[in-house]
Amino acid sequence: MPTLLIADDHPLFREALKGAVQRVIPGVQLMEADSVEALYALAEQHPDADLVLMDLNMPGAQGFNALVHLRSLHPQLPIVVVSAREEATVMRRALDHGAFGFIPKSADSDTIGHALGTILDGERWAPAEAHNVPPTPNEEREVGQRLRELTPQQFRVLQMLGVGRLNKQIAYDLGVSEATIKAHVTAILRKLGVTNRTQAVLMAGKLAIDDDAIVLPPEED
């Protein structure tokens, strides 16, 4: 019996997607998450799942960052992006950052069924227009490779830096000392090849979908 993980923060869409999946795969086991953190936990619990269907705009996703991080944690787990962001460049970037497929949220049930069937047979699937645009620039792909080197805790810290959090706020949220967070920040800067928090956030921001989503952090000693 195949197991699919569905991650989307809109309950109505999750229900609609579950219905489409169940029509294509009778008896499928479905697990749900409404945030990126919940998806990470699900993937830990079900590392042998057959497929992940994830939205790009969930809380904590930060563009393609969550996709890249989940791929680094579970490289064996096929991930399909299901998103309302249907620009051809967004589709192509998702594929270039490791998605096994891309299904637009506007797709009808027949298209979703065909896409899922193709993907579960081991073939990639995305709308044709995703392949009619230039590949993602090498510079952006290299950022994805560097982000894959971060530990889960370092990645969480970087995400929090990306929403403007201070070290002491991050330490409180994660239940660790401020010194521990400073050590994580130092390791993040080294792995990303940058010298300060702002540069780290700007580098991770290359995986944002929209530039205005980037929040620069305050610099600290």
# chains A, B, ... in the order shown; residues from 1 in each chain; ligands from 1
>>> residues_around(residues="Lys105 in chain A", least_positions_apart="2", cutoff="8 Å", atoms="only C-alpha atoms", output="number ranges by chain")
A: 82-84, 103, 107
>>> closest_atom_pairs(of="range 66-89 of chain A", to="range 28-41 of chain A", cutoff="9 Å", atoms="only C-alpha atoms", output="CSV")
residue,atom,partner,partner_atom,distance
A:Ala66,CA,A:Val36,CA,7.0
A:Leu70,CA,A:Tyr40,CA,7.1
A:Leu73,CA,A:Tyr40,CA,8.8
>>> write_last_selection(atoms="C-alpha atoms", output="mmCIF file, in the first residue's frame")
data_model
loop_
_atom_site.group_PDB
_atom_site.id
_atom_site.type_symbol
_atom_site.label_atom_id
_atom_site.label_comp_id
_atom_site.auth_asym_id
_atom_site.auth_seq_id
_atom_site.Cartn_x
_atom_site.Cartn_y
_atom_site.Cartn_z
ATOM 1 C CA ALA A 66 12.452 23.992 2.392
ATOM 2 C CA LEU A 70 14.044 18.252 2.675
ATOM 3 C CA LEU A 73 17.536 15.184 4.685
#
>>> residues_around(residues="range 85-92 of chain A", least_positions_apart="6", cutoff="9 Å", atoms="only C-alpha atoms", output="list in words")
Leu56, Asn57, Gly101, Phe102, Ile103, Pro104, Lys105, Ser106, Ala126, Pro127, Ala128, Glu129, Ala130, His131, Asn132, Val133, Pro134, Pro135, Thr136 and Ile209 of chain A
>>> residues_around(residues="Asn65 in chain A", least_positions_apart="5", cutoff="10 Å", atoms="only C-alpha atoms", output="ChimeraX atom specification")
/A:56,60,70-71,97,143-144,147-148,155,159,204-209
>>> closest_residue(among="A:Leu158, A:Val201, A:Ala7, A:Ile170", to="Ala43 in chain A", atoms="only C-alpha atoms")
A:Ala7
>>> select_by_dssp(residues="chain A", states="strand (DSSP E or B)", output="list in words")
Thr3, Leu4, Leu5, Ile6, Ala7, Gln29, Leu30, Met31, Glu32, Ala33, Leu51, Val52, Leu53, Met54, Ile79, Val80, Val81, Val82, Ser83, Gly101, Phe102, Ile103, Pro104 and Trp125 of chain A
>>> write_last_selection(atoms="N, CA and C atoms", output="compact mmCIF listing (two decimals), in the first residue's frame")
# COMPACT_ATOMS: atom_id res chain seq x y z
N THR A 3 2.31 5.03 0.43
CA THR A 3 2.14 6.08 1.43
C THR A 3 2.55 7.41 0.81
N LEU A 4 1.65 8.40 0.91
CA LEU A 4 1.92 9.74 0.40
C LEU A 4 1.82 10.75 1.53
N LEU A 5 2.73 11.71 1.54
CA LEU A 5 2.69 12.81 2.50
C LEU A 5 2.21 14.06 1.77
N ILE A 6 1.16 14.68 2.30
CA ILE A 6 0.60 15.89 1.69
C ILE A 6 0.85 17.06 2.63
N ALA A 7 1.52 18.09 2.13
CA ALA A 7 1.86 19.25 2.95
C ALA A 7 1.33 20.53 2.31
N GLN A 29 -2.31 5.27 1.66
CA GLN A 29 -2.20 5.80 3.02
C GLN A 29 -1.73 7.24 2.92
N LEU A 30 -2.53 8.17 3.45
CA LEU A 30 -2.23 9.59 3.33
C LEU A 30 -1.90 10.18 4.70
N MET A 31 -0.83 10.94 4.77
CA MET A 31 -0.44 11.67 5.97
C MET A 31 -0.42 13.16 5.63
N GLU A 32 -0.85 14.00 6.58
CA GLU A 32 -0.98 15.43 6.28
C GLU A 32 -0.10 16.29 7.18
N ALA A 33 0.37 17.40 6.61
CA ALA A 33 1.11 18.41 7.37
C ALA A 33 0.62 19.78 6.91
N LEU A 51 5.93 9.16 -1.80
CA LEU A 51 5.88 10.46 -2.46
C LEU A 51 5.51 11.54 -1.46
N VAL A 52 6.05 12.75 -1.68
CA VAL A 52 5.64 13.94 -0.93
C VAL A 52 5.02 14.92 -1.91
N LEU A 53 3.86 15.44 -1.56
CA LEU A 53 3.23 16.51 -2.33
C LEU A 53 3.26 17.75 -1.45
N MET A 54 4.02 18.78 -1.86
CA MET A 54 4.18 19.94 -0.99
C MET A 54 3.93 21.26 -1.72
N ILE A 79 9.85 14.24 -4.23
CA ILE A 79 9.04 15.38 -3.81
C ILE A 79 8.41 16.02 -5.04
N VAL A 80 7.11 16.21 -4.99
CA VAL A 80 6.39 16.90 -6.07
C VAL A 80 5.83 18.19 -5.51
N VAL A 81 6.11 19.29 -6.17
CA VAL A 81 5.56 20.58 -5.77
C VAL A 81 4.17 20.73 -6.36
N VAL A 82 3.21 21.09 -5.51
CA VAL A 82 1.84 21.38 -5.94
C VAL A 82 1.57 22.82 -5.53
N SER A 83 1.52 23.72 -6.51
CA SER A 83 1.55 25.14 -6.16
C SER A 83 0.64 25.98 -7.04
N GLY A 101 8.62 16.50 -9.66
CA GLY A 101 7.54 16.92 -10.54
C GLY A 101 6.94 18.22 -10.05
N PHE A 102 6.06 18.79 -10.86
CA PHE A 102 5.37 20.04 -10.51
C PHE A 102 3.95 19.94 -11.04
N ILE A 103 2.97 20.06 -10.12
CA ILE A 103 1.56 20.02 -10.51
C ILE A 103 0.92 21.36 -10.14
N PRO A 104 0.42 22.13 -11.11
CA PRO A 104 -0.24 23.39 -10.78
C PRO A 104 -1.53 23.14 -10.01
N TRP A 125 7.20 14.53 -14.04
CA TRP A 125 6.08 15.15 -14.76
C TRP A 125 6.00 16.62 -14.38
>>> residues_around(residues="Ile181 in chain A", least_positions_apart="4", cutoff="7 Å", atoms="only C-alpha atoms", output="list in words")
Asn167, Ala171, Ser177 and Val185 of chain A
>>> atom_distance(atom1="CA of Leu12 in chain A", atom2="CA of Asp108 in chain A")
15.4 Å
>>> decode(residues="range 54-162 of chain A", atoms="C-alpha atoms", output="PDB file, in the first residue's frame")
ATOM      1  CA  MET A  54       4.178  19.943  -0.986  1.00  0.00           C
ATOM      2  CA  ASP A  55       3.136  23.553  -1.471  1.00  0.00           C
ATOM      3  CA  LEU A  56       5.756  26.288  -1.862  1.00  0.00           C
ATOM      4  CA  ASN A  57       3.883  28.892   0.174  1.00  0.00           C
ATOM      5  CA  MET A  58       3.481  27.115   3.503  1.00  0.00           C
ATOM      6  CA  PRO A  59       4.674  28.767   6.721  1.00  0.00           C
ATOM      7  CA  GLY A  60       8.441  28.282   6.905  1.00  0.00           C
ATOM      8  CA  ALA A  61       8.945  27.340   3.256  1.00  0.00           C
ATOM      9  CA  GLN A  62      10.900  30.493   2.325  1.00  0.00           C
ATOM     10  CA  GLY A  63      10.751  29.910  -1.406  1.00  0.00           C
ATOM     11  CA  PHE A  64      12.702  26.827  -2.455  1.00  0.00           C
ATOM     12  CA  ASN A  65      14.700  26.618   0.787  1.00  0.00           C
ATOM     13  CA  ALA A  66      12.452  23.992   2.392  1.00  0.00           C
ATOM     14  CA  LEU A  67      12.454  21.893  -0.783  1.00  0.00           C
ATOM     15  CA  VAL A  68      16.259  21.942  -0.882  1.00  0.00           C
ATOM     16  CA  HIS A  69      16.544  21.117   2.827  1.00  0.00           C
ATOM     17  CA  LEU A  70      14.044  18.252   2.675  1.00  0.00           C
ATOM     18  CA  ARG A  71      15.922  16.804  -0.302  1.00  0.00           C
ATOM     19  CA  SER A  72      19.154  16.936   1.702  1.00  0.00           C
ATOM     20  CA  LEU A  73      17.536  15.184   4.685  1.00  0.00           C
ATOM     21  CA  HIS A  74      15.754  12.506   2.637  1.00  0.00           C
ATOM     22  CA  PRO A  75      17.374  12.186  -0.802  1.00  0.00           C
ATOM     23  CA  GLN A  76      15.490   8.939  -1.400  1.00  0.00           C
ATOM     24  CA  LEU A  77      12.084  10.623  -1.039  1.00  0.00           C
ATOM     25  CA  PRO A  78      10.515  11.900  -4.292  1.00  0.00           C
ATOM     26  CA  ILE A  79       9.037  15.381  -3.812  1.00  0.00           C
ATOM     27  CA  VAL A  80       6.393  16.899  -6.066  1.00  0.00           C
ATOM     28  CA  VAL A  81       5.561  20.582  -5.765  1.00  0.00           C
ATOM     29  CA  VAL A  82       1.843  21.377  -5.945  1.00  0.00           C
ATOM     30  CA  SER A  83       1.548  25.138  -6.157  1.00  0.00           C
ATOM     31  CA  ALA A  84      -0.577  28.077  -7.226  1.00  0.00           C
ATOM     32  CA  ARG A  85       2.624  29.741  -8.446  1.00  0.00           C
ATOM     33  CA  GLU A  86       2.349  28.596 -12.035  1.00  0.00           C
ATOM     34  CA  GLU A  87       4.925  30.780 -13.789  1.00  0.00           C
ATOM     35  CA  ALA A  88       7.130  28.670 -16.040  1.00  0.00           C
ATOM     36  CA  THR A  89      10.263  29.995 -14.318  1.00  0.00           C
ATOM     37  CA  VAL A  90       8.946  28.924 -10.899  1.00  0.00           C
ATOM     38  CA  MET A  91       8.193  25.441 -12.222  1.00  0.00           C
ATOM     39  CA  ARG A  92      11.661  25.170 -13.759  1.00  0.00           C
ATOM     40  CA  ARG A  93      13.386  26.387 -10.603  1.00  0.00           C
ATOM     41  CA  ALA A  94      11.497  23.816  -8.513  1.00  0.00           C
ATOM     42  CA  LEU A  95      12.622  21.026 -10.843  1.00  0.00           C
ATOM     43  CA  ASP A  96      16.211  22.285 -10.895  1.00  0.00           C
ATOM     44  CA  HIS A  97      16.269  22.383  -7.079  1.00  0.00           C
ATOM     45  CA  GLY A  98      15.325  18.733  -6.833  1.00  0.00           C
ATOM     46  CA  ALA A  99      11.555  18.392  -7.239  1.00  0.00           C
ATOM     47  CA  PHE A 100      10.561  15.194  -9.048  1.00  0.00           C
ATOM     48  CA  GLY A 101       7.542  16.924 -10.536  1.00  0.00           C
ATOM     49  CA  PHE A 102       5.372  20.035 -10.507  1.00  0.00           C
ATOM     50  CA  ILE A 103       1.558  20.022 -10.506  1.00  0.00           C
ATOM     51  CA  PRO A 104      -0.244  23.393 -10.785  1.00  0.00           C
ATOM     52  CA  LYS A 105      -3.068  23.860  -8.301  1.00  0.00           C
ATOM     53  CA  SER A 106      -5.295  24.886 -11.209  1.00  0.00           C
ATOM     54  CA  ALA A 107      -4.952  21.430 -12.789  1.00  0.00           C
ATOM     55  CA  ASP A 108      -8.186  19.465 -13.151  1.00  0.00           C
ATOM     56  CA  SER A 109      -8.626  16.069 -11.534  1.00  0.00           C
ATOM     57  CA  ASP A 110      -7.813  14.188 -14.750  1.00  0.00           C
ATOM     58  CA  THR A 111      -4.519  16.045 -15.120  1.00  0.00           C
ATOM     59  CA  ILE A 112      -3.652  15.468 -11.458  1.00  0.00           C
ATOM     60  CA  GLY A 113      -4.437  11.779 -11.869  1.00  0.00           C
ATOM     61  CA  HIS A 114      -2.281  11.494 -14.989  1.00  0.00           C
ATOM     62  CA  ALA A 115       0.574  13.372 -13.310  1.00  0.00           C
ATOM     63  CA  LEU A 116       0.489  11.197 -10.190  1.00  0.00           C
ATOM     64  CA  GLY A 117       0.299   8.002 -12.220  1.00  0.00           C
ATOM     65  CA  THR A 118       3.297   9.064 -14.290  1.00  0.00           C
ATOM     66  CA  ILE A 119       5.309  10.057 -11.218  1.00  0.00           C
ATOM     67  CA  LEU A 120       4.511   6.880  -9.286  1.00  0.00           C
ATOM     68  CA  ASP A 121       5.693   4.924 -12.336  1.00  0.00           C
ATOM     69  CA  GLY A 122       9.064   6.578 -11.803  1.00  0.00           C
ATOM     70  CA  GLU A 123       8.895   9.286 -14.469  1.00  0.00           C
ATOM     71  CA  ARG A 124       9.109  13.018 -13.885  1.00  0.00           C
ATOM     72  CA  TRP A 125       6.085  15.152 -14.757  1.00  0.00           C
ATOM     73  CA  ALA A 126       5.573  18.892 -15.176  1.00  0.00           C
ATOM     74  CA  PRO A 127       3.633  21.098 -17.596  1.00  0.00           C
ATOM     75  CA  ALA A 128       5.382  21.504 -20.945  1.00  0.00           C
ATOM     76  CA  GLU A 129       6.055  25.204 -20.355  1.00  0.00           C
ATOM     77  CA  ALA A 130       8.397  24.318 -17.476  1.00  0.00           C
ATOM     78  CA  HIS A 131      10.848  23.019 -20.073  1.00  0.00           C
ATOM     79  CA  ASN A 132      10.513  25.989 -22.415  1.00  0.00           C
ATOM     80  CA  VAL A 133      12.422  28.457 -20.232  1.00  0.00           C
ATOM     81  CA  PRO A 134      16.170  28.702 -19.529  1.00  0.00           C
ATOM     82  CA  PRO A 135      17.607  26.550 -16.732  1.00  0.00           C
ATOM     83  CA  THR A 136      18.085  27.997 -13.265  1.00  0.00           C
ATOM     84  CA  PRO A 137      21.351  30.005 -13.148  1.00  0.00           C
ATOM     85  CA  ASN A 138      24.378  28.110 -11.846  1.00  0.00           C
ATOM     86  CA  GLU A 139      24.857  30.690  -9.081  1.00  0.00           C
ATOM     87  CA  GLU A 140      21.430  29.864  -7.642  1.00  0.00           C
ATOM     88  CA  ARG A 141      22.016  26.125  -7.942  1.00  0.00           C
ATOM     89  CA  GLU A 142      25.320  26.518  -6.090  1.00  0.00           C
ATOM     90  CA  VAL A 143      23.472  28.239  -3.238  1.00  0.00           C
ATOM     91  CA  GLY A 144      21.209  25.207  -3.056  1.00  0.00           C
ATOM     92  CA  GLN A 145      24.255  22.944  -2.837  1.00  0.00           C
ATOM     93  CA  ARG A 146      25.688  25.000   0.030  1.00  0.00           C
ATOM     94  CA  LEU A 147      22.394  24.985   1.912  1.00  0.00           C
ATOM     95  CA  ARG A 148      22.397  21.182   1.733  1.00  0.00           C
ATOM     96  CA  GLU A 149      25.536  21.201   3.892  1.00  0.00           C
ATOM     97  CA  LEU A 150      23.698  22.753   6.855  1.00  0.00           C
ATOM     98  CA  THR A 151      22.540  20.573   9.731  1.00  0.00           C
ATOM     99  CA  PRO A 152      18.810  20.691  10.558  1.00  0.00           C
ATOM    100  CA  GLN A 153      19.460  23.007  13.512  1.00  0.00           C
ATOM    101  CA  GLN A 154      21.685  25.299  11.461  1.00  0.00           C
ATOM    102  CA  PHE A 155      18.996  25.450   8.794  1.00  0.00           C
ATOM    103  CA  ARG A 156      16.391  26.430  11.409  1.00  0.00           C
ATOM    104  CA  VAL A 157      18.677  29.186  12.674  1.00  0.00           C
ATOM    105  CA  LEU A 158      19.191  30.487   9.134  1.00  0.00           C
ATOM    106  CA  GLN A 159      15.434  30.506   8.563  1.00  0.00           C
ATOM    107  CA  MET A 160      14.942  32.524  11.735  1.00  0.00           C
ATOM    108  CA  LEU A 161      17.653  34.957  10.675  1.00  0.00           C
ATOM    109  CA  GLY A 162      15.695  35.276   7.440  1.00  0.00           C
TER     110      GLY A 162
END
